[in-house]
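Source file: final20.cif. Holds: mmCIF, C-alpha atoms.
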```
data_coords
#
loop_
_atom_site.label_atom_id
_atom_site.label_comp_id
_atom_site.auth_asym_id
_atom_site.auth_seq_id
_atom_site.Cartn_x
_atom_site.Cartn_y
_atom_site.Cartn_z
CA MET X 66 158.25 37.62 -93.17
CA GLN X 67 159.18 39.25 -96.46
CA GLN X 68 156.25 37.44 -98.13
CA HIS X 69 153.85 38.36 -95.29
CA LEU X 70 154.72 42.04 -95.63
CA GLY X 71 154.99 42.01 -99.41
CA ARG X 72 151.38 40.85 -99.70
CA LEU X 73 150.01 43.87 -97.82
CA ASP X 74 148.12 46.60 -99.69
CA GLY X 75 150.29 49.47 -100.82
CA VAL X 76 153.65 47.77 -100.25
CA SER X 77 156.15 48.21 -103.05
CA LYS X 78 159.32 46.82 -101.50
CA VAL X 79 160.49 45.07 -98.35
CA GLU X 80 164.18 45.23 -97.48
CA VAL X 81 165.39 42.77 -94.84
CA SER X 82 168.79 42.61 -93.19
CA LEU X 83 169.27 39.28 -91.41
CA LEU X 84 172.51 40.57 -89.95
CA THR X 85 171.05 43.59 -88.15
CA GLY X 86 167.40 42.52 -87.79
CA LYS X 87 166.29 45.67 -89.59
CA VAL X 88 163.35 45.66 -91.99
CA ALA X 89 162.30 48.55 -94.23
CA VAL X 90 158.84 48.66 -95.80
CA LEU X 91 158.41 51.06 -98.71
CA PRO X 92 155.06 52.09 -100.25
CA ARG X 93 154.00 52.14 -103.87
CA PRO X 94 153.64 55.69 -105.22
CA ASP X 95 150.24 57.15 -104.22
CA ALA X 96 149.39 54.08 -102.13
CA LYS X 97 148.47 54.00 -98.44
CA LEU X 98 150.66 52.08 -96.03
CA ASP X 99 148.91 50.99 -92.85
CA PRO X 100 151.42 50.77 -89.95
CA LYS X 101 148.98 48.72 -87.86
CA LYS X 102 148.74 46.07 -90.59
CA VAL X 103 152.53 46.09 -91.02
CA LEU X 104 153.01 45.58 -87.27
CA THR X 105 150.46 42.75 -87.15
CA ALA X 106 151.81 41.04 -90.29
CA THR X 107 155.35 41.15 -88.89
CA TYR X 108 154.16 39.65 -85.59
CA ASP X 109 152.15 36.98 -87.46
CA SER X 110 155.25 35.96 -89.41
CA GLY X 111 156.68 34.63 -86.14
CA VAL X 112 159.24 37.24 -85.10
CA THR X 113 159.25 39.66 -82.18
CA VAL X 114 158.99 43.33 -83.10
CA ALA X 115 161.38 45.32 -80.91
CA GLN X 116 160.61 48.70 -82.46
CA MET X 117 158.74 50.29 -85.35
CA THR X 118 159.30 53.78 -86.70
CA ILE X 119 157.65 55.68 -89.54
CA THR X 120 158.73 58.57 -91.71
CA ALA X 121 155.62 60.50 -92.70
CA THR X 122 154.39 63.83 -93.98
CA GLY X 123 151.12 65.23 -92.69
CA TRP X 124 149.31 67.96 -90.80
CA VAL X 125 149.34 68.58 -87.09
CA GLU X 126 145.78 68.88 -85.80
CA ARG X 127 143.69 68.53 -82.69
CA ASN X 128 141.11 65.76 -82.74
CA ALA X 129 137.64 65.88 -81.15
CA ALA X 130 139.19 65.04 -77.77
CA ARG X 131 141.62 68.00 -78.22
CA GLN X 132 144.53 65.55 -78.53
CA LEU X 133 147.41 66.59 -80.77
CA VAL X 134 147.54 64.26 -83.80
CA LEU X 135 149.40 63.89 -87.09
CA ARG X 136 146.93 63.47 -89.98
CA VAL X 137 148.53 61.60 -92.84
CA ASN X 138 146.08 60.10 -95.32
CA GLY X 139 142.82 61.92 -94.83
CA ASP X 140 141.28 59.41 -92.46
CA GLU X 141 144.52 58.19 -90.89
CA THR X 142 145.64 60.03 -87.75
CA PHE X 143 148.29 59.24 -85.17
CA PRO X 144 148.03 60.70 -81.66
CA LEU X 145 151.30 62.38 -80.69
CA LYS X 146 153.20 61.61 -77.51
CA LEU X 147 153.34 64.95 -75.73
CA ASP X 148 156.99 65.74 -75.28
CA ALA X 149 159.38 68.54 -76.25
CA ALA X 150 159.43 67.53 -79.95
CA ALA X 151 155.61 67.51 -80.13
CA ARG X 152 155.51 70.91 -78.45
CA GLU X 153 157.86 72.17 -81.18
CA ILE X 154 155.30 71.43 -83.92
CA GLU X 155 152.21 72.21 -81.83
CA ALA X 156 152.14 75.72 -83.32
CA LEU X 157 151.43 74.17 -86.75
CA ALA X 158 148.11 72.72 -85.54
CA GLY X 159 145.24 73.82 -87.75
CA ILE X 160 147.16 76.23 -90.00
CA GLY X 161 147.42 73.91 -93.01
CA ARG X 162 151.18 73.58 -93.15
CA THR X 163 152.64 70.11 -93.56
CA VAL X 164 155.46 68.63 -91.56
CA THR X 165 157.64 65.60 -92.22
CA VAL X 166 158.66 63.64 -89.16
CA ARG X 167 160.38 60.42 -88.23
CA GLY X 168 158.76 58.91 -85.19
CA ARG X 169 158.41 55.77 -83.10
CA LEU X 170 155.02 54.04 -83.18
CA TYR X 171 155.90 50.91 -81.26
CA THR X 172 158.47 49.74 -78.73
CA LYS X 173 158.35 46.24 -77.27
CA PRO X 174 157.11 46.34 -73.68
CA GLY X 175 159.66 45.41 -71.04
CA LYS X 176 157.82 42.32 -69.87
CA GLU X 177 157.16 39.36 -72.13
CA SER X 178 153.70 39.55 -73.63
CA LYS X 179 151.79 37.00 -75.67
CA GLN X 180 149.32 39.61 -76.90
CA LYS X 181 149.47 41.06 -80.38
CA PRO X 182 151.42 44.31 -80.44
CA GLU X 183 149.40 47.54 -80.56
CA LEU X 184 150.41 50.93 -81.94
CA GLN X 185 151.49 53.47 -79.33
CA PRO X 186 151.29 57.28 -79.48
CA LEU X 187 153.71 58.63 -82.09
CA GLU X 188 156.93 59.73 -80.38
CA ILE X 189 158.66 62.22 -82.65
CA LEU X 190 162.35 61.40 -82.99
CA GLU X 191 163.19 63.92 -85.70
CA ILE X 192 161.45 66.80 -87.43
CA VAL X 193 162.73 66.34 -90.98
CA ARG X 194 161.12 69.46 -92.45
CA LYS X 195 158.27 71.93 -92.04
CA ARG X 196 156.52 73.43 -95.07
CA MET Q 129 131.60 79.87 -118.83
CA GLN Q 130 134.72 77.95 -119.93
CA LYS Q 131 136.89 80.53 -118.16
CA ARG Q 132 134.99 79.97 -114.90
CA ARG Q 133 135.42 76.20 -115.18
CA LEU Q 134 139.13 76.64 -115.78
CA LEU Q 135 139.41 78.93 -112.76
CA LEU Q 136 137.48 76.43 -110.62
CA ALA Q 137 139.79 73.61 -111.75
CA VAL Q 138 142.88 75.68 -110.85
CA VAL Q 139 141.44 76.46 -107.40
CA LEU Q 140 140.59 72.78 -106.75
CA ILE Q 141 144.03 71.58 -107.85
CA ALA Q 142 145.73 74.21 -105.67
CA ALA Q 143 143.61 73.16 -102.69
CA ALA Q 144 144.41 69.48 -103.22
CA ALA Q 145 148.15 69.98 -103.79
CA PRO Q 146 149.28 69.68 -100.14
CA MET Q 147 147.20 66.51 -99.74
CA LEU Q 148 149.19 64.82 -102.50
CA HIS Q 149 152.32 65.13 -100.38
CA ALA Q 150 150.85 63.72 -97.18
CA ALA Q 151 151.83 60.10 -96.87
CA ILE Q 152 153.87 57.55 -95.01
CA GLU Q 153 157.18 57.49 -96.82
CA ARG Q 154 158.61 54.41 -95.11
CA ILE Q 155 158.23 52.12 -92.15
CA ASP Q 156 161.30 50.73 -90.38
CA LEU Q 157 161.22 47.81 -88.00
CA ARG Q 158 163.76 46.20 -85.74
CA VAL Q 159 162.90 42.58 -85.15
CA GLU Q 160 164.21 39.74 -83.02
CA GLY Q 161 164.14 36.02 -83.76
CA MET Q 162 164.54 36.32 -87.52
CA THR Q 163 166.13 33.29 -89.21
#
```
For this file, write the structure as structure tokens.
Amino acid sequence: MQQHLGRLDGVSKVEVSLLTGKVAVLPRPDAKLDPKKVLTATYDSGVTVAQMTITATGWVERNAARQLVLRVNGDETFPLKLDAAAREIEALAGIGRTVTVRGRLYTKPGKESKQKPELQPLEILEIVRKR
Amino acid sequence: MQKRRLLLAVVLIAAAAPMLHAAIERIDLRVEGMT
């Protein structure tokens, strides 16, 4: 798995703890990390992904469908799960201020599934800082 | 002319500054079945 993930574009370091089952993927400076590719590469390495979280800085915006999204790398946006935490940063939409959040992008479905895992709406777990 | 170019460069850099900070800082996974 470490090799699978290490080969992805933009990955600088992969830290794996066999004891806890935790894996951290760190980007190269000024490189783009693609969570979808990380999720797929992890699945392809033969393990089951129970959960994936990201820590990211970006802008809160509304997309064409008026959905609240976090824009991170110009063309990369993550729809936000509408809950209390999302409502807390909703006021930042469209005013050009950045926010750093830690959020969940994937949780393993309850039932066993043979399908490749797909990203889910970003559930904000922590608002690290607003600028 | 040179002054205007310098001013334009300063404005462009200032506009791009917040973009430089927008990024995914890390991805954390919890996996099962790792050997």
Determine which residues of chain Q sit within 6 Å of chain X, taking into account only C-alpha atoms, and present them as an mmCIF file with C-alpha atoms, in the frame of the given file.
```
data_model
loop_
_atom_site.group_PDB
_atom_site.id
_atom_site.type_symbol
_atom_site.label_atom_id
_atom_site.label_comp_id
_atom_site.auth_asym_id
_atom_site.auth_seq_id
_atom_site.Cartn_x
_atom_site.Cartn_y
_atom_site.Cartn_z
ATOM 1 C CA ALA Q 150 150.850 63.720 -97.180
ATOM 2 C CA ALA Q 151 151.830 60.100 -96.870
ATOM 3 C CA ILE Q 152 153.870 57.550 -95.010
ATOM 4 C CA GLU Q 153 157.180 57.490 -96.820
ATOM 5 C CA ARG Q 154 158.610 54.410 -95.110
ATOM 6 C CA ILE Q 155 158.230 52.120 -92.150
ATOM 7 C CA ASP Q 156 161.300 50.730 -90.380
ATOM 8 C CA LEU Q 157 161.220 47.810 -88.000
ATOM 9 C CA ARG Q 158 163.760 46.200 -85.740
ATOM 10 C CA VAL Q 159 162.900 42.580 -85.150
ATOM 11 C CA GLU Q 160 164.210 39.740 -83.020
ATOM 12 C CA GLY Q 161 164.140 36.020 -83.760
ATOM 13 C CA MET Q 162 164.540 36.320 -87.520
#
```
Problem set entry | Å distance separating CA of Leu73 in chain X from CA of Glu188 in chain X, one decimal place |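 About the pair CA of Leu73 in chain X and CA of Glu188 in chain X: they are 24.6 Å apart.
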Problem set entry | Atom pair CA of Arg131 in chain X / CA of Asp148 in chain X: separation (Å) |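 About the pair CA of Arg131 in chain X and CA of Asp148 in chain X: they are 15.8 Å apart.
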Seminar exercise, completed: What separates CA of Gly175 in chain X and CA of Phe143 in chain X is a distance of 22.8 Å
Problem set entry | Closest of X:Asp109, X:Leu184, X:Ile192, X:Ala129 to Arg152 in chain X - atom-to-atom distances counting all atoms listed in the file |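 So, comparing all the options, the nearest one is X:Ile192.
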